[in-house]
file run.pdb (PDB, N, CA and C atoms)
ATOM      1  N   MET A   1       0.824  -1.176   0.000
ATOM      2  CA  MET A   1       0.000   0.000   0.000
ATOM      3  C   MET A   1       0.874   1.248   0.000
ATOM      4  N   VAL A   2       2.073   1.119  -0.489
ATOM      5  CA  VAL A   2       2.999   2.245  -0.497
ATOM      6  C   VAL A   2       2.762   3.093  -1.739
ATOM      7  N   ASP A   3       2.078   4.208  -1.544
ATOM      8  CA  ASP A   3       1.778   5.095  -2.672
ATOM      9  C   ASP A   3       1.869   6.563  -2.282
ATOM     10  N   GLY A   4       2.377   6.839  -1.084
ATOM     11  CA  GLY A   4       2.517   8.219  -0.643
ATOM     12  C   GLY A   4       1.243   8.828  -0.103
ATOM     13  N   ALA A   5       0.219   8.014   0.132
ATOM     14  CA  ALA A   5      -1.057   8.515   0.654
ATOM     15  C   ALA A   5      -1.668   7.465   1.589
ATOM     16  N   ILE A   6      -2.423   7.925   2.558
ATOM     17  CA  ILE A   6      -3.127   7.027   3.477
ATOM     18  C   ILE A   6      -4.434   6.596   2.829
ATOM     19  N   SER A   7      -4.705   5.294   2.853
ATOM     20  CA  SER A   7      -5.950   4.805   2.252
ATOM     21  C   SER A   7      -6.391   3.520   2.944
ATOM     22  N   THR A   8      -7.609   3.096   2.619
ATOM     23  CA  THR A   8      -8.170   1.862   3.162
ATOM     24  C   THR A   8      -8.493   0.929   2.013
ATOM     25  N   PHE A   9      -8.071  -0.334   2.142
ATOM     26  CA  PHE A   9      -8.380  -1.374   1.170
ATOM     27  C   PHE A   9      -9.467  -2.240   1.786
ATOM     28  N   ASN A  10     -10.644  -2.284   1.148
ATOM     29  CA  ASN A  10     -11.788  -3.033   1.673
ATOM     30  C   ASN A  10     -11.946  -4.357   0.948
ATOM     31  N   LEU A  11     -11.971  -5.448   1.712
ATOM     32  CA  LEU A  11     -12.290  -6.770   1.171
ATOM     33  C   LEU A  11     -13.701  -7.096   1.631
ATOM     34  N   GLN A  12     -14.649  -7.032   0.693
ATOM     35  CA  GLN A  12     -16.049  -7.231   1.035
ATOM     36  C   GLN A  12     -16.548  -8.530   0.415
ATOM     37  N   GLN A  13     -17.051  -9.432   1.260
ATOM     38  CA  GLN A  13     -17.558 -10.716   0.802
ATOM     39  C   GLN A  13     -19.069 -10.792   1.031
ATOM     40  N   GLN A  14     -19.726 -11.496   0.123
ATOM     41  CA  GLN A  14     -21.169 -11.712   0.250
ATOM     42  C   GLN A  14     -21.436 -12.805   1.278
ATOM     43  N   ASN A  15     -22.679 -12.974   1.688
ATOM     44  CA  ASN A  15     -23.050 -13.964   2.697
ATOM     45  C   ASN A  15     -22.687 -15.385   2.299
ATOM     46  N   SER A  16     -22.700 -15.690   1.002
ATOM     47  CA  SER A  16     -22.423 -17.058   0.556
ATOM     48  C   SER A  16     -20.935 -17.386   0.545
ATOM     49  N   PHE A  17     -20.066 -16.399   0.748
ATOM     50  CA  PHE A  17     -18.620 -16.635   0.743
ATOM     51  C   PHE A  17     -18.222 -17.462   1.957
ATOM     52  N   THR A  18     -17.432 -18.518   1.742
ATOM     53  CA  THR A  18     -16.968 -19.353   2.852
ATOM     54  C   THR A  18     -15.445 -19.287   2.938
ATOM     55  N   GLY A  19     -14.932 -19.527   4.105
ATOM     56  CA  GLY A  19     -13.492 -19.489   4.314
ATOM     57  C   GLY A  19     -13.021 -18.104   4.701
ATOM     58  N   ALA A  20     -11.717 -18.021   4.960
ATOM     59  CA  ALA A  20     -11.131 -16.736   5.331
ATOM     60  C   ALA A  20     -11.057 -15.828   4.111
ATOM     61  N   ALA A  21     -11.431 -14.582   4.284
ATOM     62  CA  ALA A  21     -11.411 -13.619   3.182
ATOM     63  C   ALA A  21     -10.001 -13.111   2.922
ATOM     64  N   LEU A  22      -9.180 -13.064   3.955
ATOM     65  CA  LEU A  22      -7.788 -12.635   3.831
ATOM     66  C   LEU A  22      -6.924 -13.719   4.449
ATOM     67  N   VAL A  23      -6.011 -14.274   3.663
ATOM     68  CA  VAL A  23      -5.088 -15.297   4.151
ATOM     69  C   VAL A  23      -3.672 -14.740   4.028
ATOM     70  N   ILE A  24      -2.969 -14.721   5.143
ATOM     71  CA  ILE A  24      -1.603 -14.219   5.176
ATOM     72  C   ILE A  24      -0.663 -15.397   5.396
ATOM     73  N   GLY A  25       0.322 -15.566   4.517
ATOM     74  CA  GLY A  25       1.293 -16.638   4.642
ATOM     75  C   GLY A  25       0.828 -17.914   3.977
ATOM     76  N   GLY A  26       1.580 -18.962   4.240
ATOM     77  CA  GLY A  26       1.270 -20.256   3.653
ATOM     78  C   GLY A  26       1.698 -21.372   4.585
ATOM     79  N   ALA A  27       1.537 -22.607   4.134
ATOM     80  CA  ALA A  27       1.936 -23.760   4.938
ATOM     81  C   ALA A  27       3.451 -23.826   5.081
ATOM     82  N   SER A  28       4.162 -23.346   4.068
ATOM     83  CA  SER A  28       5.627 -23.305   4.104
ATOM     84  C   SER A  28       6.090 -22.260   3.100
ATOM     85  N   GLY A  29       7.384 -21.994   3.099
ATOM     86  CA  GLY A  29       7.929 -21.039   2.141
ATOM     87  C   GLY A  29       8.276 -19.708   2.756
ATOM     88  N   ALA A  30       8.415 -18.733   1.895
ATOM     89  CA  ALA A  30       8.839 -17.399   2.318
ATOM     90  C   ALA A  30       7.743 -16.682   3.103
ATOM     91  N   VAL A  31       8.162 -15.877   4.041
ATOM     92  CA  VAL A  31       7.233 -15.067   4.829
ATOM     93  C   VAL A  31       6.837 -13.845   4.003
ATOM     94  N   PRO A  32       5.539 -13.623   3.778
ATOM     95  CA  PRO A  32       5.119 -12.442   3.012
ATOM     96  C   PRO A  32       5.273 -11.164   3.839
ATOM     97  N   THR A  33       5.527 -10.065   3.151
ATOM     98  CA  THR A  33       5.658  -8.762   3.806
ATOM     99  C   THR A  33       4.502  -7.869   3.388
ATOM    100  N   LEU A  34       3.820  -7.288   4.361
ATOM    101  CA  LEU A  34       2.779  -6.302   4.107
ATOM    102  C   LEU A  34       3.325  -4.957   4.565
ATOM    103  N   THR A  35       3.319  -3.976   3.684
ATOM    104  CA  THR A  35       3.870  -2.673   4.017
ATOM    105  C   THR A  35       2.740  -1.644   4.098
ATOM    106  N   PHE A  36       2.683  -0.960   5.222
ATOM    107  CA  PHE A  36       1.682   0.064   5.471
ATOM    108  C   PHE A  36       2.384   1.402   5.657
ATOM    109  N   GLU A  37       1.689   2.473   5.321
ATOM    110  CA  GLU A  37       2.211   3.812   5.569
ATOM    111  C   GLU A  37       1.484   4.420   6.759
ATOM    112  N   ILE A  38       2.225   5.229   7.510
ATOM    113  CA  ILE A  38       1.647   5.913   8.656
ATOM    114  C   ILE A  38       1.877   7.408   8.490
ATOM    115  N   GLY A  39       0.845   8.163   8.826
ATOM    116  CA  GLY A  39       0.942   9.621   8.748
ATOM    117  C   GLY A  39       0.971  10.212  10.141
ATOM    118  N   ASN A  40       0.404  11.386  10.284
ATOM    119  CA  ASN A  40       0.320  12.015  11.598
ATOM    120  C   ASN A  40      -1.041  11.693  12.225
ATOM    121  N   ALA A  41      -1.333  12.308  13.353
ATOM    122  CA  ALA A  41      -2.582  12.016  14.061
ATOM    123  C   ALA A  41      -3.808  12.293  13.204
ATOM    124  N   ALA A  42      -3.732  13.267  12.314
ATOM    125  CA  ALA A  42      -4.879  13.627  11.478
ATOM    126  C   ALA A  42      -5.114  12.633  10.348
ATOM    127  N   THR A  43      -4.060  12.018   9.844
ATOM    128  CA  THR A  43      -4.207  11.130   8.682
ATOM    129  C   THR A  43      -4.275   9.658   9.046
ATOM    130  N   GLY A  44      -3.666   9.239  10.147
ATOM    131  CA  GLY A  44      -3.716   7.839  10.566
ATOM    132  C   GLY A  44      -2.795   6.944   9.762
ATOM    133  N   THR A  45      -3.264   5.732   9.454
ATOM    134  CA  THR A  45      -2.453   4.742   8.752
ATOM    135  C   THR A  45      -3.223   4.121   7.599
ATOM    136  N   ASP A  46      -2.472   3.480   6.685
ATOM    137  CA  ASP A  46      -3.113   2.594   5.719
ATOM    138  C   ASP A  46      -3.793   1.484   6.503
ATOM    139  N   GLN A  47      -4.861   0.937   5.929
ATOM    140  CA  GLN A  47      -5.608  -0.093   6.653
ATOM    141  C   GLN A  47      -6.242  -1.061   5.675
ATOM    142  N   ILE A  48      -6.320  -2.324   6.083
ATOM    143  CA  ILE A  48      -7.077  -3.341   5.356
ATOM    144  C   ILE A  48      -8.276  -3.698   6.217
ATOM    145  N   ASP A  49      -9.492  -3.521   5.674
ATOM    146  CA  ASP A  49     -10.736  -3.877   6.371
ATOM    147  C   ASP A  49     -11.350  -5.085   5.680
ATOM    148  N   VAL A  50     -11.634  -6.133   6.458
ATOM    149  CA  VAL A  50     -12.178  -7.378   5.918
ATOM    150  C   VAL A  50     -13.562  -7.602   6.517
ATOM    151  N   THR A  51     -14.562  -7.882   5.670
ATOM    152  CA  THR A  51     -15.914  -8.081   6.189
ATOM    153  C   THR A  51     -16.130  -9.478   6.777
ATOM    154  N   LYS A  52     -15.292 -10.437   6.416
ATOM    155  CA  LYS A  52     -15.366 -11.791   6.993
ATOM    156  C   LYS A  52     -14.144 -11.993   7.880
ATOM    157  N   SER A  53     -13.551 -13.184   7.883
ATOM    158  CA  SER A  53     -12.416 -13.452   8.759
ATOM    159  C   SER A  53     -11.080 -13.330   8.033
ATOM    160  N   ALA A  54     -10.024 -13.215   8.829
ATOM    161  CA  ALA A  54      -8.656 -13.212   8.320
ATOM    162  C   ALA A  54      -7.914 -14.352   9.003
ATOM    163  N   SER A  55      -7.008 -14.976   8.265
ATOM    164  CA  SER A  55      -6.273 -16.119   8.796
ATOM    165  C   SER A  55      -4.782 -15.948   8.546
ATOM    166  N   VAL A  56      -3.995 -16.317   9.542
ATOM    167  CA  VAL A  56      -2.544 -16.310   9.408
ATOM    168  C   VAL A  56      -2.090 -17.766   9.422
ATOM    169  N   LEU A  57      -1.422 -18.195   8.335
ATOM    170  CA  LEU A  57      -0.972 -19.577   8.230
ATOM    171  C   LEU A  57       0.417 -19.752   8.850
ATOM    172  N   ALA A  58       0.976 -20.952   8.721
ATOM    173  CA  ALA A  58       2.184 -21.348   9.438
ATOM    174  C   ALA A  58       3.373 -20.413   9.258
ATOM    175  N   THR A  59       3.573 -19.866   8.073
ATOM    176  CA  THR A  59       4.740 -19.005   7.876
ATOM    177  C   THR A  59       4.589 -17.648   8.544
ATOM    178  N   GLY A  60       3.372 -17.269   8.882
ATOM    179  CA  GLY A  60       3.142 -15.968   9.480
ATOM    180  C   GLY A  60       3.296 -14.858   8.458
ATOM    181  N   GLY A  61       3.521 -13.671   8.923
ATOM    182  CA  GLY A  61       3.682 -12.527   8.050
ATOM    183  C   GLY A  61       4.554 -11.479   8.693
ATOM    184  N   LYS A  62       5.129 -10.634   7.880
ATOM    185  CA  LYS A  62       5.972  -9.539   8.360
ATOM    186  C   LYS A  62       5.304  -8.226   7.971
ATOM    187  N   ILE A  63       5.150  -7.331   8.931
ATOM    188  CA  ILE A  63       4.553  -6.028   8.667
ATOM    189  C   ILE A  63       5.640  -4.967   8.794
ATOM    190  N   THR A  64       5.768  -4.162   7.765
ATOM    191  CA  THR A  64       6.667  -3.011   7.837
ATOM    192  C   THR A  64       5.830  -1.745   7.760
ATOM    193  N   ILE A  65       6.305  -0.708   8.427
ATOM    194  CA  ILE A  65       5.572   0.553   8.471
ATOM    195  C   ILE A  65       6.498   1.663   7.996
ATOM    196  N   ASP A  66       6.065   2.366   6.960
ATOM    197  CA  ASP A  66       6.816   3.491   6.407
ATOM    198  C   ASP A  66       6.102   4.792   6.751
ATOM    199  N   ALA A  67       6.858   5.788   7.175
ATOM    200  CA  ALA A  67       6.279   7.104   7.450
ATOM    201  C   ALA A  67       6.091   7.866   6.152
ATOM    202  N   LEU A  68       5.010   8.623   6.058
ATOM    203  CA  LEU A  68       4.803   9.477   4.899
ATOM    204  C   LEU A  68       5.885  10.545   4.842
ATOM    205  N   ALA A  69       6.285  10.896   3.642
ATOM    206  CA  ALA A  69       7.284  11.949   3.463
ATOM    207  C   ALA A  69       6.780  13.239   4.104
ATOM    208  N   GLY A  70       7.620  13.900   4.819
ATOM    209  CA  GLY A  70       7.249  15.174   5.439
ATOM    210  C   GLY A  70       6.753  15.055   6.862
ATOM    211  N   ASP A  71       6.363  13.843   7.289
ATOM    212  CA  ASP A  71       5.930  13.672   8.678
ATOM    213  C   ASP A  71       7.169  13.502   9.552
ATOM    214  N   THR A  72       7.321  14.363  10.513
ATOM    215  CA  THR A  72       8.511  14.342  11.363
ATOM    216  C   THR A  72       8.247  13.800  12.755
ATOM    217  N   SER A  73       6.989  13.544  13.091
ATOM    218  CA  SER A  73       6.679  12.982  14.403
ATOM    219  C   SER A  73       5.405  12.151  14.311
ATOM    220  N   LEU A  74       5.264  11.224  15.245
ATOM    221  CA  LEU A  74       4.080  10.370  15.315
ATOM    222  C   LEU A  74       3.391  10.593  16.646
ATOM    223  N   THR A  75       2.090  10.481  16.649
ATOM    224  CA  THR A  75       1.328  10.566  17.882
ATOM    225  C   THR A  75       1.291   9.174  18.502
ATOM    226  N   SER A  76       1.650   9.064  19.767
ATOM    227  CA  SER A  76       1.642   7.758  20.416
ATOM    228  C   SER A  76       0.218   7.235  20.524
ATOM    229  N   GLY A  77       0.088   5.935  20.493
ATOM    230  CA  GLY A  77      -1.222   5.313  20.605
ATOM    231  C   GLY A  77      -1.314   4.063  19.761
ATOM    232  N   SER A  78      -2.492   3.507  19.664
ATOM    233  CA  SER A  78      -2.737   2.300  18.875
ATOM    234  C   SER A  78      -3.284   2.680  17.511
ATOM    235  N   TYR A  79      -2.823   1.979  16.492
ATOM    236  CA  TYR A  79      -3.281   2.203  15.127
ATOM    237  C   TYR A  79      -3.730   0.872  14.544
ATOM    238  N   ASN A  80      -4.956   0.804  14.035
ATOM    239  CA  ASN A  80      -5.421  -0.405  13.360
ATOM    240  C   ASN A  80      -4.789  -0.492  11.982
ATOM    241  N   LEU A  81      -4.181  -1.643  11.681
ATOM    242  CA  LEU A  81      -3.638  -1.889  10.348
ATOM    243  C   LEU A  81      -4.538  -2.854   9.585
ATOM    244  N   ILE A  82      -5.005  -3.894  10.268
ATOM    245  CA  ILE A  82      -5.906  -4.886   9.659
ATOM    246  C   ILE A  82      -7.057  -5.115  10.627
ATOM    247  N   THR A  83      -8.288  -4.996  10.126
ATOM    248  CA  THR A  83      -9.457  -5.340  10.921
ATOM    249  C   THR A  83     -10.235  -6.422  10.181
ATOM    250  N   ALA A  84     -10.835  -7.331  10.931
ATOM    251  CA  ALA A  84     -11.620  -8.414  10.343
ATOM    252  C   ALA A  84     -12.877  -8.610  11.180
ATOM    253  N   ALA A  85     -14.017  -8.296  10.609
ATOM    254  CA  ALA A  85     -15.278  -8.390  11.338
ATOM    255  C   ALA A  85     -15.556  -9.811  11.813
ATOM    256  N   GLY A  86     -15.064 -10.811  11.060
ATOM    257  CA  GLY A  86     -15.251 -12.224  11.434
ATOM    258  C   GLY A  86     -14.176 -12.766  12.342
ATOM    259  N   GLY A  87     -13.192 -11.937  12.723
ATOM    260  CA  GLY A  87     -12.136 -12.344  13.628
ATOM    261  C   GLY A  87     -10.891 -12.846  12.905
ATOM    262  N   PHE A  88      -9.869 -13.135  13.693
ATOM    263  CA  PHE A  88      -8.599 -13.661  13.206
ATOM    264  C   PHE A  88      -8.435 -15.098  13.666
ATOM    265  N   THR A  89      -7.908 -15.944  12.783
ATOM    266  CA  THR A  89      -7.634 -17.330  13.137
ATOM    267  C   THR A  89      -6.251 -17.705  12.628
ATOM    268  N   GLY A  90      -5.758 -18.837  13.068
ATOM    269  CA  GLY A  90      -4.510 -19.360  12.535
ATOM    270  C   GLY A  90      -3.466 -19.599  13.601
ATOM    271  N   THR A  91      -2.370 -20.207  13.156
ATOM    272  CA  THR A  91      -1.286 -20.562  14.071
ATOM    273  C   THR A  91      -0.018 -19.813  13.763
ATOM    274  N   GLY A  92      -0.001 -19.031  12.709
ATOM    275  CA  GLY A  92       1.220 -18.316  12.316
ATOM    276  C   GLY A  92       1.490 -17.141  13.219
ATOM    277  N   GLY A  93       2.640 -16.551  13.023
ATOM    278  CA  GLY A  93       3.028 -15.388  13.811
ATOM    279  C   GLY A  93       3.511 -14.290  12.902
ATOM    280  N   ASN A  94       4.202 -13.376  13.468
ATOM    281  CA  ASN A  94       4.794 -12.276  12.712
ATOM    282  C   ASN A  94       6.305 -12.422  12.746
ATOM    283  N   ALA A  95       6.927 -12.212  11.590
ATOM    284  CA  ALA A  95       8.391 -12.335  11.515
ATOM    285  C   ALA A  95       9.046 -11.084  12.058
TER     286      ALA A  95
END
call {"tool": "encode", "arguments": {"input": "run.pdb", "output": "structure tokens"}}
result
Amino acid sequence: MVDGAISTFNLQQQNSFTGAALVIGGASGAVPTLTFEIGNAATGTDQIDVTKSASVLATGGKITIDALAGDTSLTSGSYNLITAAGGFTGTGGNA
């Protein structure tokens, strides 16, 4: 999601959709990297919103956070990067 702007990527599934809507990682292999940008208190962060569930598989995932150009400070606090209305499942971790 590195494009120099804060945005939200929506994964919207219909009622008939089964399984996890967002799957991070795999049973084996390389750990995938998800890169998000963070701005100041007014702009927040890039975010992925999932209407169903998200799952992290055995390899897990690596999250990197890049600051927007020109932002010289961050406001302390919690920032949502990934939300899943159906919850998170899986056995993987973060690299």
call {"tool": "residues_around", "arguments": {"input": "run.pdb", "residues": "segment 16-22 of chain A", "least_positions_apart": "6", "cutoff": "5 Å", "atoms": "only N, CA and C atoms", "output": "list in words"}}
result
Ser53, Ala54 and Ser55 of chain A
call {"tool": "write_last_selection", "arguments": {"input": "run.pdb", "atoms": "N, CA and C atoms", "output": "CSV table (one decimal), keeping the file's coordinate frame"}}
result
chain,number,residue,atom,x,y,z
A,53,SER,N,-13.6,-13.2,7.9
A,53,SER,CA,-12.4,-13.5,8.8
A,53,SER,C,-11.1,-13.3,8.0
A,54,ALA,N,-10.0,-13.2,8.8
A,54,ALA,CA,-8.7,-13.2,8.3
A,54,ALA,C,-7.9,-14.4,9.0
A,55,SER,N,-7.0,-15.0,8.3
A,55,SER,CA,-6.3,-16.1,8.8
A,55,SER,C,-4.8,-15.9,8.5
call {"tool": "resolve_selection", "arguments": {"input": "run.pdb", "expression": "the PyMOL selection byres (((chain A and resi 90 and name CA) around 9) and name CA)", "output": "ChimeraX atom specification"}}
result
/A:54-58,60,88-89,91-93
call {"tool": "resolve_selection", "arguments": {"input": "run.pdb", "expression": "the PyMOL selection byres ((chain A and resi 39) around 7)", "output": "JSON, numbers by chain"}}
result
{"A": [6, 37, 38, 40, 41, 42, 43, 44, 45, 46, 66, 67, 68, 71, 73, 74, 75]}
call {"tool": "atom_distance", "arguments": {"input": "run.pdb", "atom1": "atom CA of Ile65 of chain A", "atom2": "atom CA of Gly26 of chain A"}}
result
21.8 Å
call {"tool": "atom_distance", "arguments": {"input": "run.pdb", "atom1": "atom N of Ala30 of chain A", "atom2": "atom N of Thr64 of chain A"}}
result
15.9 Å
call {"tool": "select_by_dssp", "arguments": {"input": "run.pdb", "residues": "segment 30-72 of chain A", "states": "strand (DSSP E)", "output": "ChimeraX atom specification"}}
result
/A:33-38,47-50,54-56,62-67
call {"tool": "write_last_selection", "arguments": {"input": "run.pdb", "atoms": "N, CA and C atoms", "output": "compact mmCIF listing (two decimals), in the frame of the given file"}}
result
# COMPACT_ATOMS: atom_id res chain seq x y z
N THR A 33 5.53 -10.06 3.15
CA THR A 33 5.66 -8.76 3.81
C THR A 33 4.50 -7.87 3.39
N LEU A 34 3.82 -7.29 4.36
CA LEU A 34 2.78 -6.30 4.11
C LEU A 34 3.32 -4.96 4.57
N THR A 35 3.32 -3.98 3.68
CA THR A 35 3.87 -2.67 4.02
C THR A 35 2.74 -1.64 4.10
N PHE A 36 2.68 -0.96 5.22
CA PHE A 36 1.68 0.06 5.47
C PHE A 36 2.38 1.40 5.66
N GLU A 37 1.69 2.47 5.32
CA GLU A 37 2.21 3.81 5.57
C GLU A 37 1.48 4.42 6.76
N ILE A 38 2.22 5.23 7.51
CA ILE A 38 1.65 5.91 8.66
C ILE A 38 1.88 7.41 8.49
N GLN A 47 -4.86 0.94 5.93
CA GLN A 47 -5.61 -0.09 6.65
C GLN A 47 -6.24 -1.06 5.68
N ILE A 48 -6.32 -2.32 6.08
CA ILE A 48 -7.08 -3.34 5.36
C ILE A 48 -8.28 -3.70 6.22
N ASP A 49 -9.49 -3.52 5.67
CA ASP A 49 -10.74 -3.88 6.37
C ASP A 49 -11.35 -5.08 5.68
N VAL A 50 -11.63 -6.13 6.46
CA VAL A 50 -12.18 -7.38 5.92
C VAL A 50 -13.56 -7.60 6.52
N ALA A 54 -10.02 -13.22 8.83
CA ALA A 54 -8.66 -13.21 8.32
C ALA A 54 -7.91 -14.35 9.00
N SER A 55 -7.01 -14.98 8.26
CA SER A 55 -6.27 -16.12 8.80
C SER A 55 -4.78 -15.95 8.55
N VAL A 56 -4.00 -16.32 9.54
CA VAL A 56 -2.54 -16.31 9.41
C VAL A 56 -2.09 -17.77 9.42
N LYS A 62 5.13 -10.63 7.88
CA LYS A 62 5.97 -9.54 8.36
C LYS A 62 5.30 -8.23 7.97
N ILE A 63 5.15 -7.33 8.93
CA ILE A 63 4.55 -6.03 8.67
C ILE A 63 5.64 -4.97 8.79
N THR A 64 5.77 -4.16 7.76
CA THR A 64 6.67 -3.01 7.84
C THR A 64 5.83 -1.74 7.76
N ILE A 65 6.30 -0.71 8.43
CA ILE A 65 5.57 0.55 8.47
C ILE A 65 6.50 1.66 8.00
N ASP A 66 6.06 2.37 6.96
CA ASP A 66 6.82 3.49 6.41
C ASP A 66 6.10 4.79 6.75
N ALA A 67 6.86 5.79 7.18
CA ALA A 67 6.28 7.10 7.45
C ALA A 67 6.09 7.87 6.15
call {"tool": "resolve_selection", "arguments": {"input": "run.pdb", "expression": "the PyMOL selection byres (((chain A and resi 48 and name CA) around 8) and name CA)", "output": "list in words"}}
result
Thr8, Phe9, Asn10, Leu11, Asp46, Gln47, Asp49, Val50, Leu81, Ile82 and Thr83 of chain A
call {"tool": "closest_residue", "arguments": {"input": "run.pdb", "among": "A:Gly77, A:Gly86, A:Pro32, A:Gly61", "to": "Asn15 of chain A", "atoms": "only C-alpha atoms"}}
result
A:Gly86
call {"tool": "axis_aligned_box", "arguments": {"input": "run.pdb", "around": "segment 19-30 of chain A", "padding_each_side": "4 Å", "output": "AutoDock Vina command-line options"}}
result
--center_x -3.0 --center_y -18.2 --center_z 3.6 --size_x 31.8 --size_y 19.2 --size_z 11.5
call {"tool": "atom_distance", "arguments": {"input": "run.pdb", "atom1": "atom CA of Thr59 of chain A", "atom2": "atom CA of Gln13 of chain A"}}
result
24.8 Å
call {"tool": "closest_residue", "arguments": {"input": "run.pdb", "among": "A:Lys62, A:Ser76, A:Asp3, A:Gln12", "to": "Ile24 of chain A", "atoms": "all atoms listed in the file"}}
result
A:Lys62
call {"tool": "residues_around", "arguments": {"input": "run.pdb", "residues": "Val2 of chain A", "least_positions_apart": "3", "cutoff": "6.5 Å", "atoms": "all atoms listed in the file", "output": "PyMOL selection string"}}
result
chain A and resi 5+35-37
call {"tool": "closest_residue", "arguments": {"input": "run.pdb", "among": "A:Thr51, A:Met1, A:Ser28, A:Leu34", "to": "Gly87 of chain A", "atoms": "only C-alpha atoms"}}
result
A:Thr51
call {"tool": "build_atoms", "arguments": {"input": "run.pdb", "residues": "segment 41-47 of chain A", "atoms": "all heavy atoms", "output": "PDB file, in the frame of the given file"}}
result
ATOM      1  N   ALA A  41      -1.333  12.308  13.353  1.00  0.00           N
ATOM      2  CA  ALA A  41      -2.582  12.016  14.061  1.00  0.00           C
ATOM      3  C   ALA A  41      -3.808  12.293  13.204  1.00  0.00           C
ATOM      4  O   ALA A  41      -4.824  11.611  13.313  1.00  0.00           O
ATOM      5  CB  ALA A  41      -2.658  12.815  15.352  1.00  0.00           C
ATOM      6  N   ALA A  42      -3.732  13.267  12.314  1.00  0.00           N
ATOM      7  CA  ALA A  42      -4.879  13.627  11.478  1.00  0.00           C
ATOM      8  C   ALA A  42      -5.114  12.633  10.348  1.00  0.00           C
ATOM      9  O   ALA A  42      -6.253  12.411   9.941  1.00  0.00           O
ATOM     10  CB  ALA A  42      -4.696  15.027  10.902  1.00  0.00           C
ATOM     11  N   THR A  43      -4.060  12.018   9.844  1.00  0.00           N
ATOM     12  CA  THR A  43      -4.207  11.130   8.682  1.00  0.00           C
ATOM     13  C   THR A  43      -4.275   9.658   9.046  1.00  0.00           C
ATOM     14  O   THR A  43      -4.857   8.873   8.324  1.00  0.00           O
ATOM     15  CB  THR A  43      -3.063  11.331   7.675  1.00  0.00           C
ATOM     16  OG1 THR A  43      -1.819  11.101   8.326  1.00  0.00           O
ATOM     17  CG2 THR A  43      -3.085  12.732   7.101  1.00  0.00           C
ATOM     18  N   GLY A  44      -3.666   9.239  10.147  1.00  0.00           N
ATOM     19  CA  GLY A  44      -3.716   7.839  10.566  1.00  0.00           C
ATOM     20  C   GLY A  44      -2.795   6.944   9.762  1.00  0.00           C
ATOM     21  O   GLY A  44      -1.691   7.335   9.403  1.00  0.00           O
ATOM     22  N   THR A  45      -3.264   5.732   9.454  1.00  0.00           N
ATOM     23  CA  THR A  45      -2.453   4.742   8.752  1.00  0.00           C
ATOM     24  C   THR A  45      -3.223   4.121   7.599  1.00  0.00           C
ATOM     25  O   THR A  45      -4.452   4.172   7.554  1.00  0.00           O
ATOM     26  CB  THR A  45      -2.042   3.576   9.681  1.00  0.00           C
ATOM     27  OG1 THR A  45      -3.228   2.865  10.067  1.00  0.00           O
ATOM     28  CG2 THR A  45      -1.315   4.057  10.905  1.00  0.00           C
ATOM     29  N   ASP A  46      -2.472   3.480   6.685  1.00  0.00           N
ATOM     30  CA  ASP A  46      -3.113   2.594   5.719  1.00  0.00           C
ATOM     31  C   ASP A  46      -3.793   1.484   6.503  1.00  0.00           C
ATOM     32  O   ASP A  46      -3.360   1.128   7.606  1.00  0.00           O
ATOM     33  CB  ASP A  46      -2.059   1.944   4.802  1.00  0.00           C
ATOM     34  CG  ASP A  46      -1.542   2.877   3.722  1.00  0.00           C
ATOM     35  OD1 ASP A  46      -2.241   3.840   3.366  1.00  0.00           O
ATOM     36  OD2 ASP A  46      -0.444   2.609   3.215  1.00  0.00           O
ATOM     37  N   GLN A  47      -4.861   0.937   5.929  1.00  0.00           N
ATOM     38  CA  GLN A  47      -5.608  -0.093   6.653  1.00  0.00           C
ATOM     39  C   GLN A  47      -6.242  -1.061   5.675  1.00  0.00           C
ATOM     40  O   GLN A  47      -6.660  -0.672   4.586  1.00  0.00           O
ATOM     41  CB  GLN A  47      -6.688   0.577   7.508  1.00  0.00           C
ATOM     42  CG  GLN A  47      -7.426  -0.364   8.425  1.00  0.00           C
ATOM     43  CD  GLN A  47      -8.292   0.390   9.432  1.00  0.00           C
ATOM     44  OE1 GLN A  47      -7.937   1.465   9.901  1.00  0.00           O
ATOM     45  NE2 GLN A  47      -9.421  -0.181   9.762  1.00  0.00           N
TER      46      GLN A  47
END
